[in-house]
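*Asks:* This is the content of structure-v4.pdb (PDB, C-alpha atoms):
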```pdb
ATOM      1  CA  MET A   1     -14.101 -11.214  17.455
ATOM      2  CA  THR A   2     -12.479 -14.615  17.522
ATOM      3  CA  GLN A   3      -9.935 -16.182  15.230
ATOM      4  CA  GLN A   4     -11.239 -17.970  12.198
ATOM      5  CA  ASP A   5     -11.504 -21.742  12.457
ATOM      6  CA  PRO A   6      -8.828 -23.294  10.198
ATOM      7  CA  ALA A   7     -11.305 -25.969   9.131
ATOM      8  CA  GLN A   8     -13.606 -23.373   7.631
ATOM      9  CA  PRO A   9     -13.072 -21.991   4.126
ATOM     10  CA  ALA A  10     -11.302 -18.624   3.959
ATOM     11  CA  VAL A  11     -13.531 -15.579   3.741
ATOM     12  CA  ARG A  12     -12.499 -12.961   1.202
ATOM     13  CA  ALA A  13     -11.651  -9.562   2.642
ATOM     14  CA  PRO A  14     -14.602  -7.193   3.147
ATOM     15  CA  ARG A  15     -14.429  -4.119   0.922
ATOM     16  CA  THR A  16     -14.416  -1.564   3.733
ATOM     17  CA  ARG A  17     -11.691  -3.277   5.737
ATOM     18  CA  ARG A  18      -9.517  -3.781   2.673
ATOM     19  CA  LEU A  19      -9.868  -0.126   1.692
ATOM     20  CA  LEU A  20      -9.002   1.035   5.204
ATOM     21  CA  ALA A  21      -5.991  -1.292   5.300
ATOM     22  CA  TRP A  22      -4.705   0.184   2.042
ATOM     23  CA  LEU A  23      -5.222   3.721   3.364
ATOM     24  CA  LEU A  24      -3.219   2.944   6.499
ATOM     25  CA  ASP A  25      -0.314   1.510   4.488
ATOM     26  CA  PHE A  26      -0.436   4.327   1.944
ATOM     27  CA  THR A  27      -0.372   6.918   4.735
ATOM     28  CA  VAL A  28       2.995   5.542   5.825
ATOM     29  CA  ILE A  29       4.285   5.815   2.253
ATOM     30  CA  LEU A  30       2.971   9.382   1.958
ATOM     31  CA  ALA A  31       4.767  10.305   5.178
ATOM     32  CA  ILE A  32       8.050   9.013   3.760
ATOM     33  CA  ALA A  33       7.325  10.846   0.487
ATOM     34  CA  ALA A  34       6.915  14.100   2.420
ATOM     35  CA  LEU A  35      10.183  13.475   4.275
ATOM     36  CA  LEU A  36      12.081  12.731   1.058
ATOM     37  CA  GLY A  37      10.554  15.792  -0.585
ATOM     38  CA  TRP A  38      11.708  17.986   2.292
ATOM     39  CA  LEU A  39      15.227  16.537   2.137
ATOM     40  CA  THR A  40      15.389  16.998  -1.655
ATOM     41  CA  PHE A  41      14.151  20.590  -1.397
ATOM     42  CA  ASN A  42      16.860  21.416   1.140
ATOM     43  CA  ARG A  43      19.539  19.739  -0.978
ATOM     44  CA  ILE A  44      18.620  21.895  -3.978
ATOM     45  CA  SER A  45      18.243  25.042  -1.863
ATOM     46  CA  ALA A  46      21.746  24.506  -0.517
ATOM     47  CA  LYS A  47      23.045  24.423  -4.086
ATOM     48  CA  LEU A  48      21.289  27.730  -4.879
ATOM     49  CA  THR A  49      22.769  29.566  -1.904
ATOM     50  CA  GLY A  50      26.256  28.644  -3.105
ATOM     51  CA  VAL A  51      25.833  30.564  -6.394
ATOM     52  CA  PRO A  52      25.434  34.347  -5.898
ATOM     53  CA  GLY A  53      24.083  34.813  -9.409
ATOM     54  CA  LEU A  54      21.105  32.572  -8.638
ATOM     55  CA  VAL A  55      19.900  34.409  -5.556
ATOM     56  CA  GLY A  56      16.128  34.900  -5.820
ATOM     57  CA  ILE A  57      15.533  31.868  -8.038
ATOM     58  CA  SER A  58      13.225  29.301  -6.448
ATOM     59  CA  THR A  59      13.902  25.583  -6.317
ATOM     60  CA  TRP A  60      10.995  24.868  -8.672
ATOM     61  CA  GLN A  61      12.275  27.438 -11.203
ATOM     62  CA  LEU A  62      15.669  25.808 -11.133
ATOM     63  CA  VAL A  63      14.362  22.267 -11.592
ATOM     64  CA  THR A  64      12.071  23.202 -14.492
ATOM     65  CA  SER A  65      14.487  25.608 -16.211
ATOM     66  CA  GLY A  66      16.146  23.014 -18.441
ATOM     67  CA  GLY A  67      19.501  24.548 -17.515
ATOM     68  CA  ASP A  68      18.783  27.915 -19.151
ATOM     69  CA  LEU A  69      19.441  30.285 -16.238
ATOM     70  CA  VAL A  70      20.382  33.893 -16.832
ATOM     71  CA  GLY A  71      23.290  35.219 -14.799
ATOM     72  CA  ALA A  72      24.408  31.850 -13.533
ATOM     73  CA  GLY A  73      27.798  32.108 -15.171
ATOM     74  CA  GLN A  74      29.248  30.077 -17.997
ATOM     75  CA  GLY A  75      28.234  26.448 -17.634
ATOM     76  CA  VAL A  76      27.176  26.867 -14.002
ATOM     77  CA  GLY A  77      23.423  27.048 -14.687
ATOM     78  CA  SER A  78      23.324  23.887 -16.786
ATOM     79  CA  SER A  79      25.500  21.946 -14.352
ATOM     80  CA  LEU A  80      23.414  23.064 -11.393
ATOM     81  CA  TRP A  81      20.183  22.105 -13.167
ATOM     82  CA  ARG A  82      21.475  18.626 -13.966
ATOM     83  CA  SER A  83      22.570  18.184 -10.365
ATOM     84  CA  SER A  84      19.152  19.295  -9.116
ATOM     85  CA  VAL A  85      17.314  16.962 -11.487
ATOM     86  CA  ARG A  86      19.454  14.069 -10.258
ATOM     87  CA  ALA A  87      18.505  14.981  -6.700
ATOM     88  CA  VAL A  88      14.812  14.842  -7.617
ATOM     89  CA  TRP A  89      15.298  11.502  -9.399
ATOM     90  CA  GLN A  90      17.099  10.127  -6.368
ATOM     91  CA  GLY A  91      14.255  11.249  -4.127
ATOM     92  CA  PHE A  92      11.646   9.441  -6.227
ATOM     93  CA  ALA A  93      13.884   6.379  -6.501
ATOM     94  CA  GLY A  94      14.185   6.333  -2.715
ATOM     95  CA  LEU A  95      10.400   6.501  -2.412
ATOM     96  CA  VAL A  96       9.921   3.549  -4.763
ATOM     97  CA  VAL A  97      12.577   1.514  -2.945
ATOM     98  CA  PHE A  98      10.985   2.244   0.420
ATOM     99  CA  ALA A  99       7.490   1.363  -0.821
ATOM    100  CA  PHE A 100       8.741  -1.979  -2.116
ATOM    101  CA  ALA A 101      10.798  -2.740   1.001
ATOM    102  CA  TYR A 102       7.875  -1.809   3.279
ATOM    103  CA  ARG A 103       5.528  -4.181   1.485
ATOM    104  CA  PHE A 104       7.949  -7.035   0.938
ATOM    105  CA  ALA A 105       9.393  -7.044   4.467
ATOM    106  CA  SER A 106       5.967  -7.058   6.108
ATOM    107  CA  LEU A 107       4.583  -9.688   3.724
ATOM    108  CA  ALA A 108       7.634 -11.927   4.123
ATOM    109  CA  LEU A 109       7.695 -11.643   7.935
ATOM    110  CA  MET A 110       3.984 -11.491   8.806
ATOM    111  CA  GLY A 111       2.169 -12.614   5.664
ATOM    112  CA  ARG A 112       0.403  -9.224   5.553
ATOM    113  CA  THR A 113       1.147  -5.515   5.686
ATOM    114  CA  PRO A 114       0.784  -3.529   8.929
ATOM    115  CA  GLY A 115      -2.458  -2.027   7.654
ATOM    116  CA  GLN A 116      -3.850  -5.467   6.875
ATOM    117  CA  ALA A 117      -2.745  -6.732  10.290
ATOM    118  CA  LEU A 118      -4.644  -3.935  12.039
ATOM    119  CA  LEU A 119      -7.770  -4.738  10.027
ATOM    120  CA  ALA A 120      -7.500  -8.523  10.575
ATOM    121  CA  LEU A 121      -6.615  -9.435   6.982
ATOM    122  CA  ARG A 122      -3.906 -11.628   5.510
ATOM    123  CA  VAL A 123      -2.498 -12.622   2.115
ATOM    124  CA  THR A 124      -2.806 -16.246   1.005
ATOM    125  CA  GLY A 125      -2.323 -18.275  -2.138
ATOM    126  CA  ARG A 126      -5.363 -18.205  -4.394
ATOM    127  CA  ARG A 127      -5.387 -21.950  -5.021
ATOM    128  CA  ASP A 128      -4.255 -23.547  -1.746
ATOM    129  CA  GLY A 129      -5.058 -20.826   0.799
ATOM    130  CA  GLU A 130      -1.610 -21.226   2.343
ATOM    131  CA  ARG A 131       0.977 -18.576   3.087
ATOM    132  CA  PRO A 132       2.780 -17.789  -0.202
ATOM    133  CA  ALA A 133       6.506 -18.175  -0.708
ATOM    134  CA  ARG A 134       8.821 -15.182  -0.465
ATOM    135  CA  ALA A 135       9.257 -15.026  -4.231
ATOM    136  CA  THR A 136       5.490 -14.679  -4.566
ATOM    137  CA  MET A 137       5.463 -11.993  -1.883
ATOM    138  CA  ALA A 138       8.220 -10.135  -3.746
ATOM    139  CA  THR A 139       6.151 -10.233  -6.935
ATOM    140  CA  ARG A 140       3.112  -8.914  -5.104
ATOM    141  CA  ALA A 141       5.135  -6.154  -3.429
ATOM    142  CA  ALA A 142       6.698  -5.100  -6.739
ATOM    143  CA  ALA A 143       3.341  -5.019  -8.519
ATOM    144  CA  GLY A 144       1.699  -3.076  -5.685
ATOM    145  CA  THR A 145       4.552  -0.569  -5.623
ATOM    146  CA  LEU A 146       4.324  -0.049  -9.372
ATOM    147  CA  VAL A 147       0.570   0.561  -9.173
ATOM    148  CA  ASP A 148       0.618   2.892  -6.155
ATOM    149  CA  VAL A 149       3.763   4.987  -6.664
ATOM    150  CA  GLY A 150       5.894   3.584  -9.486
ATOM    151  CA  TRP A 151       4.131   5.095 -12.486
ATOM    152  CA  TYR A 152       3.599   8.418 -10.702
ATOM    153  CA  ALA A 153       7.274   8.617  -9.756
ATOM    154  CA  LEU A 154       8.280   7.923 -13.352
ATOM    155  CA  ALA A 155       5.902  10.617 -14.627
ATOM    156  CA  CYS A 156       7.387  13.185 -12.230
ATOM    157  CA  CYS A 157      10.938  12.234 -13.204
ATOM    158  CA  LEU A 158      10.081  12.680 -16.879
ATOM    159  CA  LEU A 159       8.520  16.052 -16.113
ATOM    160  CA  VAL A 160      11.550  17.526 -14.348
ATOM    161  CA  GLY A 161      13.756  16.020 -17.050
ATOM    162  CA  GLY A 162      11.938  18.035 -19.704
ATOM    163  CA  ALA A 163      10.040  15.164 -21.378
ATOM    164  CA  ILE A 164       6.631  16.783 -20.915
ATOM    165  CA  GLY A 165       4.820  14.706 -23.550
ATOM    166  CA  LEU A 166       6.006  11.399 -22.126
ATOM    167  CA  SER A 167       5.232  12.650 -18.641
ATOM    168  CA  VAL A 168       1.601  13.347 -19.559
ATOM    169  CA  LEU A 169       1.229   9.907 -21.145
ATOM    170  CA  CYS A 170       2.764   8.306 -18.076
ATOM    171  CA  TRP A 171       0.359  10.200 -15.799
ATOM    172  CA  ILE A 172      -2.613   8.979 -17.834
ATOM    173  CA  LEU A 173      -1.307   5.416 -17.637
ATOM    174  CA  ALA A 174      -0.694   5.757 -13.893
ATOM    175  CA  VAL A 175      -4.263   6.920 -13.226
ATOM    176  CA  ALA A 176      -5.722   4.193 -15.459
ATOM    177  CA  VAL A 177      -3.694   1.402 -13.839
ATOM    178  CA  PHE A 178      -4.477   2.626 -10.330
ATOM    179  CA  GLY A 179      -8.192   2.885 -11.075
ATOM    180  CA  LEU A 180      -8.292  -0.578 -12.624
ATOM    181  CA  SER A 181      -6.472  -2.119  -9.660
ATOM    182  CA  ALA A 182      -8.828  -0.419  -7.183
ATOM    183  CA  LEU A 183     -11.869  -1.620  -9.127
ATOM    184  CA  LEU A 184     -10.594  -5.198  -9.197
ATOM    185  CA  ALA A 185      -9.789  -5.079  -5.469
ATOM    186  CA  LEU A 186     -13.303  -3.955  -4.506
ATOM    187  CA  ALA A 187     -15.469  -5.805  -7.033
ATOM    188  CA  GLY A 188     -16.087  -9.434  -7.956
ATOM    189  CA  PRO A 189     -13.483 -11.779  -6.453
ATOM    190  CA  ARG A 190     -11.722  -8.689  -4.988
ATOM    191  CA  ARG A 191      -8.285  -9.475  -6.376
ATOM    192  CA  SER A 192      -6.219  -6.421  -7.292
ATOM    193  CA  LEU A 193      -3.638  -6.293 -10.069
ATOM    194  CA  SER A 194      -0.919  -7.188  -7.564
ATOM    195  CA  ASP A 195      -2.973 -10.201  -6.417
ATOM    196  CA  ARG A 196      -3.448 -11.359  -9.997
ATOM    197  CA  ALA A 197       0.237 -10.861 -10.832
ATOM    198  CA  ALA A 198       1.357 -12.908  -7.814
ATOM    199  CA  GLY A 199      -1.488 -15.450  -7.717
ATOM    200  CA  THR A 200      -2.613 -14.368  -4.251
ATOM    201  CA  THR A 201      -5.766 -13.169  -2.555
ATOM    202  CA  VAL A 202      -6.589 -11.212   0.606
ATOM    203  CA  VAL A 203      -8.802 -12.972   3.142
ATOM    204  CA  SER A 204     -10.266 -12.172   6.522
ATOM    205  CA  VAL A 205      -8.518 -13.635   9.555
ATOM    206  CA  PHE A 206     -11.655 -13.337  11.682
ATOM    207  CA  HIS A 207     -15.007 -14.846  10.784
ATOM    208  CA  LEU A 208     -17.818 -12.794  12.304
ATOM    209  CA  THR A 209     -20.463 -15.378  11.386
ATOM    210  CA  THR A 210     -18.678 -17.945  13.505
ATOM    211  CA  VAL A 211     -18.545 -15.493  16.389
ATOM    212  CA  TRP A 212     -22.299 -14.890  16.237
ATOM    213  CA  THR A 213     -23.022 -18.627  16.051
ATOM    214  CA  ARG A 214     -20.860 -19.360  19.090
ATOM    215  CA  LEU A 215     -22.358 -16.493  21.073
ATOM    216  CA  SER A 216     -25.878 -17.641  20.221
ATOM    217  CA  ALA A 217     -25.050 -21.212  21.268
ATOM    218  CA  THR A 218     -23.629 -19.941  24.548
ATOM    219  CA  VAL A 219     -26.724 -17.890  25.301
ATOM    220  CA  ARG A 220     -29.087 -20.731  24.472
ATOM    221  CA  ARG A 221     -27.096 -23.383  26.348
ATOM    222  CA  PRO A 222     -29.253 -24.757  29.220
ATOM    223  CA  THR A 223     -28.063 -24.266  32.762
ATOM    224  CA  PRO A 224     -27.135 -27.299  34.921
ATOM    225  CA  ASP A 225     -30.432 -26.956  36.818
ATOM    226  CA  GLU A 226     -32.412 -27.121  33.562
ATOM    227  CA  GLU A 227     -30.553 -30.247  32.458
ATOM    228  CA  GLN A 228     -31.580 -32.215  35.604
ATOM    229  CA  PRO A 229     -34.629 -34.467  35.154
ATOM    230  CA  PRO A 230     -37.724 -33.435  37.119
ATOM    231  CA  LEU A 231     -38.122 -35.042  40.552
ATOM    232  CA  ALA A 232     -40.712 -37.803  40.920
ATOM    233  CA  PRO A 233     -43.830 -36.716  42.824
ATOM    234  CA  VAL A 234     -43.938 -37.712  46.486
ATOM    235  CA  ALA A 235     -46.512 -40.437  47.138
TER     236      ALA A 235
END
```
Take the structure I supplied and represent it as structure tokens, if you would.

*Replies:*
Amino acid sequence: MTQQDPAQPAVRAPRTRRLLAWLLDFTVILAIAALLGWLTFNRISAKLTGVPGLVGISTWQLVTSGGDLVGAGQGVGSSLWRSSVRAVWQGFAGLVVFAFAYRFASLALMGRTPGQALLALRVTGRRDGERPARATMATRAAAGTLVDVGWYALACCLLVGGAIGLSVLCWILAVAVFGLSALLALAGPRRSLSDRAAGTTVVSVFHLTTVWTRLSATVRRPTPDEEQPPLAPVA
């Protein structure tokens, strides 16, 4: 592949490459989510081991108990539950902050995420095709974070907080928003919800058609011997 000629119009990102780029970026976020989950689990487990009356109660039972724990002692169960819920909220908040920082930092520094860089894609302005300003990149990063992890994190926080009804509604909204954004990113002009919110688009950095044209021209180019005029016949 060769770099796209700046004089040529930008080519919108192919569906397969854009999907793979998103998967690469989302894998990084999932890895951080697993790390934060492990840290949160150990924080809550450490709280349980400090209360003899709660020996045998799992972390999940504690978080979903609503503070009603038998044998925890007067006021200890409710206080421990609130502390555990705050730990879960902090874990999800850390995930959302990381997801935003990961997107914004890479967009502001490189004009694309690491996944997009590996798949030869970049983010440009929809109207001028130029590299967007940092404020635009921040808007795109915030919208992408909300679509990918924001609504899900909020639904989980509502669930552990005891607001089951709101949690279910938030889950439905999260799935609907994610599905709509994926559909918009892979169909038509291929502009996701984050692209539409920020006024950006994802284009291909490499133009394969240009590569094929140049290779064909190189193959068909006559050799120096072929370019010489035929010799006049000897009298």

*Asks:* Show me, as a list in words, the residues that have an atom within 12 Å of A:Val149 when counting all atoms listed in the file, minus same-chain residues fewer than 5 positions from it.

*Replies:* Phe26, Ile29, Leu30, Ile32, Ala33, Phe92, Ala93, Gly94, Leu95, Val96, Val97, Phe98, Ala99, Phe100, Ala141, Ala142, Ala143, Gly144, Leu154, Ala155, Cys156, Cys170, Trp171, Ala174, Val175, Val177 and Phe178 of chain A

*Asks:* Grab the atom CA of A:Arg140 to atom CA of A:Gly37 distance for me, in Å with one decimal place.

*Replies:*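 Pair atom CA of A:Arg140 / atom CA of A:Gly37 returns 26.2 Å.
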
*Asks:* Determine, counting only C-alpha atoms, which protein, DNA and RNA residues have an atom within 12 Å of an atom of A:Thr16; residues of the same chain fewer than 2 positions away are not included. Present the result as number ranges by chain.

*Replies:* A: 12-14, 18-23, 116, 119-121, 185-187, 190, 204

*Asks:* Please measure the separation of atom CA of A:Glu130 and atom CA of A:Ala108, giving the value in Å to one decimal.

*Replies:*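 Straight-line distance from atom CA of A:Glu130 to atom CA of A:Ala108 works out to 13.2 Å.
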
*Asks:* Any idea what the distance is between atom CA of A:Met110 and atom CA of A:Ala197?

*Replies:*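 Straight-line distance from atom CA of A:Met110 to atom CA of A:Ala197 works out to 20.0 Å.
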
*Asks:* Counting all atoms listed in the file, which of A:Gly150, A:Leu36, A:Ile44, A:Ser167 gets nearest to A:Arg82?

*Replies:*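 Ranked by minimum distance to A:Arg82, first place goes to A:Ile44.
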
*Asks:* Step by step, gather every atom of stretch 110-123 of chain A that the file lists, find the box along x, y and z that holds them, add 8 Å on each side, and finally give centre and edge lengths in Å to one decimal, as AutoDock Vina command-line options.

*Replies:*
```
--center_x -1.9 --center_y -7.3 --center_z 7.1 --size_x 27.8 --size_y 26.6 --size_z 25.9
```

*Asks:* Could you give me, as a list in words, the residues within 8 Å of stretch 198-200 of chain A, counting all atoms listed in the file and dropping anything in the same chain fewer than 5 positions from it?

*Replies:*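 Once the adjacent positions are removed, what remains is Val123, Thr124, Gly125, Arg126, Pro132, Thr136, Met137, Thr139, Arg140 and Arg191 of chain A.
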